[in-house]
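Only one structure is covered here, and it is reproduced in the block below.
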Amino acid sequence: MIHHMIMTADEAIEKLKSGNTRYLLTNNNSGNVSAALRKFTYEHGQHPHAIIVTCSDSRVIPETIFSAGLGEIFVIRVAGNVIDDHQLGSIEYAAGHLGSPVVVVLGHTHCGAVDAAINSDPEGYIKFITDEIKLAIGDETDDYKACCLNVKRSVELIEHSLDIQQIEEQEGLRVVGAMYHIEDGSVEFL
């Protein structure tokens with residue numbers, strides 16, 4: 001069952017951009033986390049205007065970066081913002097059942113997972129992440145370009161999902177890439 005989008009993808013992106021502008025101008029998170037909103041979302045559920053797939057990096061906090069409060073964004077975090085079946089299932093849920101009109105794959109500059117994929121060959125479970133990133137970046141050694149290629153691949157993997165394609169066609173869902181610049185806090189939509 002597909003719920004109708006709560007706003008258009010363009011409106012959601014504009015809301016994210018204005019939230020990032022507020023973030024750049026403040027020293028504190030300005031998202032609403034009030035008792036009244038906690039009660040409202042408990043009683044009426046969540047209706048996030050954006051799905052953000054981003055890295056687990058502790059400096060990349062989507063709720064803060066976009067000045068979002070409770071129930072405003074649906075966040076999926078995994079090192080290197082890579083996509084697998086678990087992330088796709090989470091995206092399909094948020095887009096299909098919560099009415100989120102946009103999926104943003106939010107990479108970031110100076111990503112440790114991308115750096116590891118470029119400069120080392122890790123062992124253990126980390127290798128699952130770096131192998132996925134290596135598929136995205138190929139022989140690219142420029143950090144910024146590699147981070148952008150990694151975002152681009154994740155966007156393509158999300159758009160390849162048949163359920164996501166159906167929601168895009170029927171409801172206007174959009175999947176976009178973006179880059180968070182950890183050096184200054186700005187978000188660049190790609």
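Ligands are numbered from 1 in the order shown, chains are lettered A, B, ... in the order of the structure tokens, and residues start at 1 in each chain.
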Which of range 35-92 of chain A fall in strand (DSSP E), as number ranges by chain: A: 50-54, 73-77
Find the spatial neighbours of range 176-179 of chain A, counting only C-alpha atoms, within a cut-off of 8 Å - ignore same-chain residues fewer than 5 positions away - and output them as a PyMOL selection string. chain A and resi 102-109+148+151-152+155+187-190
Per residue of range 30-102 of chain A within 9 Å of range 14-18 of chain A, note the shortest atom pair and the distance in Å to one decimal, counting only C-alpha atoms, and order the rows by chain and increasing residue number, as a tab-separated table.
residue	atom	partner	partner_atom	distance
A:His49	CA	A:Lys15	CA	8.5
A:Ala50	CA	A:Leu16	CA	8.2
A:Ile65	CA	A:Leu16	CA	8.8
A:Phe66	CA	A:Leu16	CA	5.5
A:Ser67	CA	A:Leu16	CA	8.2
A:Ala68	CA	A:Leu16	CA	8.4
Write the residues you've just listed into a file as a PDB file, in the first residue's frame, and include N, CA, C and O atoms for each of them.
ATOM      1  N   HIS A  49       9.354  14.312   5.988  1.00  0.00           N
ATOM      2  CA  HIS A  49       9.365  14.878   4.641  1.00  0.00           C
ATOM      3  C   HIS A  49      10.567  14.429   3.831  1.00  0.00           C
ATOM      4  O   HIS A  49      10.630  14.692   2.630  1.00  0.00           O
ATOM      5  N   ALA A  50      11.522  13.747   4.451  1.00  0.00           N
ATOM      6  CA  ALA A  50      12.701  13.281   3.715  1.00  0.00           C
ATOM      7  C   ALA A  50      13.252  12.005   4.344  1.00  0.00           C
ATOM      8  O   ALA A  50      13.160  11.808   5.555  1.00  0.00           O
ATOM      9  N   ILE A  65      22.097  18.934  10.915  1.00  0.00           N
ATOM     10  CA  ILE A  65      22.501  19.565   9.650  1.00  0.00           C
ATOM     11  C   ILE A  65      21.314  20.228   8.957  1.00  0.00           C
ATOM     12  O   ILE A  65      21.451  21.271   8.321  1.00  0.00           O
ATOM     13  N   PHE A  66      20.127  19.618   9.088  1.00  0.00           N
ATOM     14  CA  PHE A  66      18.939  20.156   8.425  1.00  0.00           C
ATOM     15  C   PHE A  66      17.971  20.820   9.408  1.00  0.00           C
ATOM     16  O   PHE A  66      16.810  21.067   9.065  1.00  0.00           O
ATOM     17  N   SER A  67      18.424  21.107  10.629  1.00  0.00           N
ATOM     18  CA  SER A  67      17.610  21.771  11.652  1.00  0.00           C
ATOM     19  C   SER A  67      16.250  21.100  11.799  1.00  0.00           C
ATOM     20  O   SER A  67      15.213  21.757  11.881  1.00  0.00           O
ATOM     21  N   ALA A  68      16.248  19.787  11.832  1.00  0.00           N
ATOM     22  CA  ALA A  68      15.001  19.020  11.877  1.00  0.00           C
ATOM     23  C   ALA A  68      14.683  18.575  13.296  1.00  0.00           C
ATOM     24  O   ALA A  68      15.580  18.291  14.087  1.00  0.00           O
TER      25      ALA A  68
END
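Our summary of the geometry notes that CA of Glu123 in chain A is positioned 17.5 Å from CA of Val78 in chain A.
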Given only C-alpha atoms as the basis, pick out the residue of A:Asn81, A:Gln166, A:Ser186, A:Ser120 nearest to Ser154 in chain A.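 Counting only C-alpha atoms, the residue closest to Ser154 in chain A is A:Asn81.
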Would you kindly return, as a PyMOL selection string, each protein, DNA or RNA residue with an atom no farther than 9 Å from any atom of Ala117 in chain A, considering only C-alpha atoms and excluding same-chain residues fewer than 4 positions away? chain A and resi 112-113+121-122+127+129-134+137
Nearest residue to Pro48 in chain A out of A:Leu25, A:Ile73, A:Ile13, A:Cys147, using only C-alpha atoms?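 Nearest to Pro48 in chain A: A:Ile73.
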Quick one: pick out all alpha helix (DSSP H) residues within range 74-112 of chain A from a backbone DSSP run and write them as number ranges by chain. A: 85-97, 112
Selection to disk with N, CA and C atoms, as a CSV table (one decimal), in the first residue's frame:
chain,number,residue,atom,x,y,z
A,85,ASP,N,20.4,-4.6,1.0
A,85,ASP,CA,19.0,-5.0,1.1
A,85,ASP,C,18.3,-4.3,2.3
A,86,HIS,N,19.1,-4.2,3.4
A,86,HIS,CA,18.5,-3.6,4.7
A,86,HIS,C,18.2,-2.2,4.5
A,87,GLN,N,19.1,-1.4,3.8
A,87,GLN,CA,18.8,0.0,3.6
A,87,GLN,C,17.6,0.1,2.6
A,88,LEU,N,17.6,-0.7,1.5
A,88,LEU,CA,16.5,-0.6,0.5
A,88,LEU,C,15.2,-0.9,1.2
A,89,GLY,N,15.1,-1.9,2.1
A,89,GLY,CA,13.9,-2.2,2.8
A,89,GLY,C,13.4,-1.0,3.6
A,90,SER,N,14.4,-0.3,4.3
A,90,SER,CA,14.0,0.8,5.1
A,90,SER,C,13.5,2.0,4.3
A,91,ILE,N,14.2,2.2,3.1
A,91,ILE,CA,13.8,3.2,2.2
A,91,ILE,C,12.4,2.9,1.6
A,92,GLU,N,12.1,1.7,1.2
A,92,GLU,CA,10.8,1.3,0.7
A,92,GLU,C,9.7,1.5,1.7
A,93,TYR,N,10.0,1.2,3.0
A,93,TYR,CA,9.1,1.4,4.1
A,93,TYR,C,8.7,2.9,4.2
A,94,ALA,N,9.7,3.8,4.3
A,94,ALA,CA,9.5,5.2,4.5
A,94,ALA,C,8.8,5.8,3.3
A,95,ALA,N,9.2,5.4,2.1
A,95,ALA,CA,8.6,6.0,1.0
A,95,ALA,C,7.2,5.5,0.7
A,96,GLY,N,7.0,4.2,0.9
A,96,GLY,CA,5.7,3.6,0.6
A,96,GLY,C,4.7,3.7,1.7
A,97,HIS,N,5.1,3.8,3.0
A,97,HIS,CA,4.1,3.8,4.1
A,97,HIS,C,4.1,5.1,4.9
A,112,GLY,N,36.0,8.5,6.1
A,112,GLY,CA,37.0,7.5,6.4
A,112,GLY,C,36.8,6.2,5.7
